[in-house]
Amino acid sequence: MTTMYRWSLFALLFVTCMDVSLQKKTRKGPQTLSRGWGDYIAWVKTYEEALMTMKERIKCVEVKGEVLTDYHSVTLPSTALKKAFAVDKTVQKMAQKDFVMLNLMHETTDTNLAADGNYVPRIIFVDPSMTVRLDLVGKYSNRLYTYKPSDIPYLAKNMKKAKLLLHTEL
C-alpha cells in the first residue's frame, strides 16, 4: 500500500509541476501597442487611425486632440528614452488623458513626419488640423524631434504647451 501511495503522490506532484510549468509559459500578457512606453495608455495602431481618432474626439467636443507620434527602433537610445517615458508619472498621465498616442516601428508615407530626417527616436506633435507642430520640438538643432532620457521634463513641458495651443489656436 505504501508503494502505491508513494507512486500516486509522485504522479500527483509531477502533474502539478507540469501544469504550473505550462501556466508560466502561457501566462504572458497580451502584446500591447505600447511596446514598453506605457501599458495604461490607449495606443492606436496606425497614423491614419490616429488622425481619425483625433478628428472624432474634436467632433465630440472633447479636450483631447493632439497626436503624439513616437518613432523608435530597438536601439539603446530608444530603450533608455522608453524607460524614462514609462516611469514619468506626469508624462504618462498626460499621454493617457490628453493625447492620441501612436507608437511606430516603421515610417509612414507622410513626409511631413520627417521634416528634418528619418532618425530614431523622434517624438512629433500633430494638431487636429493634421499639421506637424514645428514649434514643439526638442532641445537639439540637428535633430529637432529627438529627446534624451534626461529631456523628459522638457517633453512634459512641450506636452503642456500642446494642450494649451489646442485651446487657444484651434
# chains A, B, ... in the order shown; residues from 1 in each chain; ligands from 1
>>> closest_atom_pairs(of="region 67-127 of chain A", to="region 134-153 of chain A", cutoff="9 Å", atoms="only C-alpha atoms", output="Markdown table")
| residue | atom | partner | partner_atom | distance |
| --- | --- | --- | --- | --- |
| A:Pro77 | CA | A:Lys148 | CA | 7.3 |
| A:Ser78 | CA | A:Lys148 | CA | 8.6 |
| A:Ala80 | CA | A:Pro149 | CA | 6.1 |
| A:Leu81 | CA | A:Pro149 | CA | 4.5 |
| A:Lys82 | CA | A:Pro149 | CA | 7.9 |
| A:Lys83 | CA | A:Pro149 | CA | 7.9 |
| A:Ala84 | CA | A:Pro149 | CA | 5.4 |
| A:Phe85 | CA | A:Ile152 | CA | 6.7 |
| A:Asp88 | CA | A:Ile152 | CA | 7.7 |
| A:Thr90 | CA | A:Pro153 | CA | 8.8 |
| A:Val91 | CA | A:Ile152 | CA | 7.8 |
| A:Ala115 | CA | A:Leu134 | CA | 8.7 |
| A:Asp116 | CA | A:Arg143 | CA | 6.8 |
| A:Gly117 | CA | A:Arg143 | CA | 7.8 |
| A:Tyr119 | CA | A:Arg143 | CA | 7.8 |
| A:Val120 | CA | A:Thr146 | CA | 7.5 |
| A:Pro121 | CA | A:Thr146 | CA | 6.0 |
| A:Arg122 | CA | A:Thr146 | CA | 4.5 |
| A:Ile123 | CA | A:Tyr145 | CA | 5.3 |
| A:Ile124 | CA | A:Tyr145 | CA | 6.1 |
| A:Phe125 | CA | A:Leu136 | CA | 6.8 |
>>> closest_atom_pairs(of="region 80-130 of chain A", to="region 160-168 of chain A", cutoff="12 Å", atoms="only C-alpha atoms", output="CSV")
residue,atom,partner,partner_atom,distance
A:Thr90,CA,A:Lys160,CA,10.0
A:Val91,CA,A:Lys160,CA,9.4
A:Lys93,CA,A:Lys160,CA,11.4
A:Met94,CA,A:Lys160,CA,8.2
A:Ala95,CA,A:Lys160,CA,10.5
A:Lys97,CA,A:Lys163,CA,10.7
A:Asp98,CA,A:Lys163,CA,7.3
A:Phe99,CA,A:Lys163,CA,8.6
A:Val100,CA,A:Lys163,CA,11.9
A:Ile124,CA,A:Ala162,CA,10.9
A:Phe125,CA,A:Ala162,CA,7.6
A:Val126,CA,A:Ala162,CA,9.1
A:Asp127,CA,A:Leu166,CA,7.4
A:Pro128,CA,A:Leu166,CA,8.1
A:Ser129,CA,A:Leu166,CA,10.2
>>> closest_residue(among="A:Leu155, A:Leu102, A:Val132, A:Ala114", to="Trp43 (chain A)", atoms="only C-alpha atoms")
A:Leu102
>>> atom_distance(atom1="CA of Gln92 (chain A)", atom2="CA of Glu107 (chain A)")
23.8 Å
>>> atom_distance(atom1="CA of Arg133 (chain A)", atom2="CA of Asp39 (chain A)")
25.7 Å
>>> atom_distance(atom1="CA of Met130 (chain A)", atom2="CA of Asn118 (chain A)")
19.1 Å
>>> decode(residues="region 100-112 of chain A", atoms="all heavy atoms", output="compact mmCIF listing (two decimals), in the first residue's frame")
# COMPACT_ATOMS: atom_id res chain seq x y z
N VAL A 100 -3.82 61.43 -28.38
CA VAL A 100 -3.98 60.20 -29.15
C VAL A 100 -2.55 59.72 -29.35
O VAL A 100 -1.74 60.41 -29.97
CB VAL A 100 -4.67 60.46 -30.50
CG1 VAL A 100 -4.74 59.18 -31.32
CG2 VAL A 100 -6.05 61.06 -30.30
N MET A 101 -2.24 58.56 -28.83
CA MET A 101 -0.86 58.09 -28.83
C MET A 101 -0.63 57.04 -29.92
O MET A 101 -1.40 56.09 -30.05
CB MET A 101 -0.52 57.49 -27.46
CG MET A 101 -0.61 58.49 -26.33
SD MET A 101 0.61 59.82 -26.43
CE MET A 101 2.11 58.92 -26.13
N LEU A 102 0.45 57.24 -30.65
CA LEU A 102 0.84 56.34 -31.74
C LEU A 102 2.30 55.99 -31.57
O LEU A 102 3.14 56.87 -31.41
CB LEU A 102 0.60 57.02 -33.09
CG LEU A 102 1.05 56.29 -34.34
CD1 LEU A 102 0.30 54.97 -34.49
CD2 LEU A 102 0.85 57.18 -35.55
N ASN A 103 2.60 54.73 -31.61
CA ASN A 103 3.95 54.23 -31.40
C ASN A 103 4.34 53.43 -32.64
O ASN A 103 3.85 52.33 -32.85
CB ASN A 103 3.94 53.34 -30.15
CG ASN A 103 5.28 52.79 -29.79
OD1 ASN A 103 6.26 52.94 -30.52
ND2 ASN A 103 5.35 52.13 -28.67
N LEU A 104 5.20 53.98 -33.46
CA LEU A 104 5.54 53.35 -34.74
C LEU A 104 6.94 52.74 -34.72
O LEU A 104 7.87 53.34 -34.20
CB LEU A 104 5.47 54.38 -35.87
CG LEU A 104 4.10 54.97 -36.16
CD1 LEU A 104 4.21 56.07 -37.21
CD2 LEU A 104 3.14 53.90 -36.62
N MET A 105 7.04 51.61 -35.35
CA MET A 105 8.34 50.97 -35.55
C MET A 105 8.85 51.22 -36.97
O MET A 105 10.00 51.03 -37.26
CB MET A 105 8.25 49.46 -35.30
CG MET A 105 7.91 49.07 -33.89
SD MET A 105 9.25 49.34 -32.74
CE MET A 105 10.36 48.04 -33.20
N HIS A 106 7.94 51.63 -37.87
CA HIS A 106 8.30 51.84 -39.27
C HIS A 106 7.77 53.20 -39.71
O HIS A 106 6.77 53.69 -39.20
CB HIS A 106 7.70 50.74 -40.15
CG HIS A 106 8.08 49.37 -39.69
ND1 HIS A 106 9.34 48.85 -39.86
CD2 HIS A 106 7.38 48.42 -39.03
CE1 HIS A 106 9.38 47.64 -39.34
NE2 HIS A 106 8.20 47.36 -38.82
N GLU A 107 8.39 53.76 -40.71
CA GLU A 107 7.99 55.06 -41.23
C GLU A 107 6.62 55.00 -41.89
O GLU A 107 6.21 53.97 -42.40
CB GLU A 107 9.01 55.54 -42.28
CG GLU A 107 10.38 55.85 -41.72
CD GLU A 107 10.40 57.06 -40.80
OE1 GLU A 107 9.56 57.97 -40.97
OE2 GLU A 107 11.24 57.08 -39.91
N THR A 108 5.93 56.15 -41.89
CA THR A 108 4.68 56.26 -42.64
C THR A 108 5.00 56.87 -43.99
O THR A 108 6.13 57.30 -44.25
CB THR A 108 3.66 57.18 -41.92
OG1 THR A 108 4.14 58.51 -41.99
CG2 THR A 108 3.43 56.76 -40.50
N THR A 109 4.00 56.95 -44.83
CA THR A 109 4.20 57.55 -46.14
C THR A 109 4.08 59.07 -46.08
O THR A 109 4.36 59.75 -47.07
CB THR A 109 3.16 57.01 -47.15
OG1 THR A 109 1.85 57.24 -46.62
CG2 THR A 109 3.38 55.52 -47.39
N ASP A 110 3.68 59.61 -44.94
CA ASP A 110 3.53 61.06 -44.78
C ASP A 110 4.90 61.69 -44.57
O ASP A 110 5.51 61.57 -43.51
CB ASP A 110 2.61 61.36 -43.60
CG ASP A 110 2.23 62.83 -43.52
OD1 ASP A 110 2.97 63.68 -44.04
OD2 ASP A 110 1.18 63.12 -42.92
N THR A 111 5.39 62.39 -45.58
CA THR A 111 6.73 63.00 -45.50
C THR A 111 6.78 64.16 -44.51
O THR A 111 7.86 64.56 -44.09
CB THR A 111 7.19 63.49 -46.89
OG1 THR A 111 6.21 64.38 -47.40
CG2 THR A 111 7.39 62.32 -47.83
N ASN A 112 5.63 64.70 -44.13
CA ASN A 112 5.61 65.77 -43.13
C ASN A 112 6.14 65.30 -41.78
O ASN A 112 6.58 66.10 -40.96
CB ASN A 112 4.19 66.31 -42.95
CG ASN A 112 3.70 67.01 -44.19
OD1 ASN A 112 4.42 67.77 -44.82
ND2 ASN A 112 2.46 66.72 -44.56
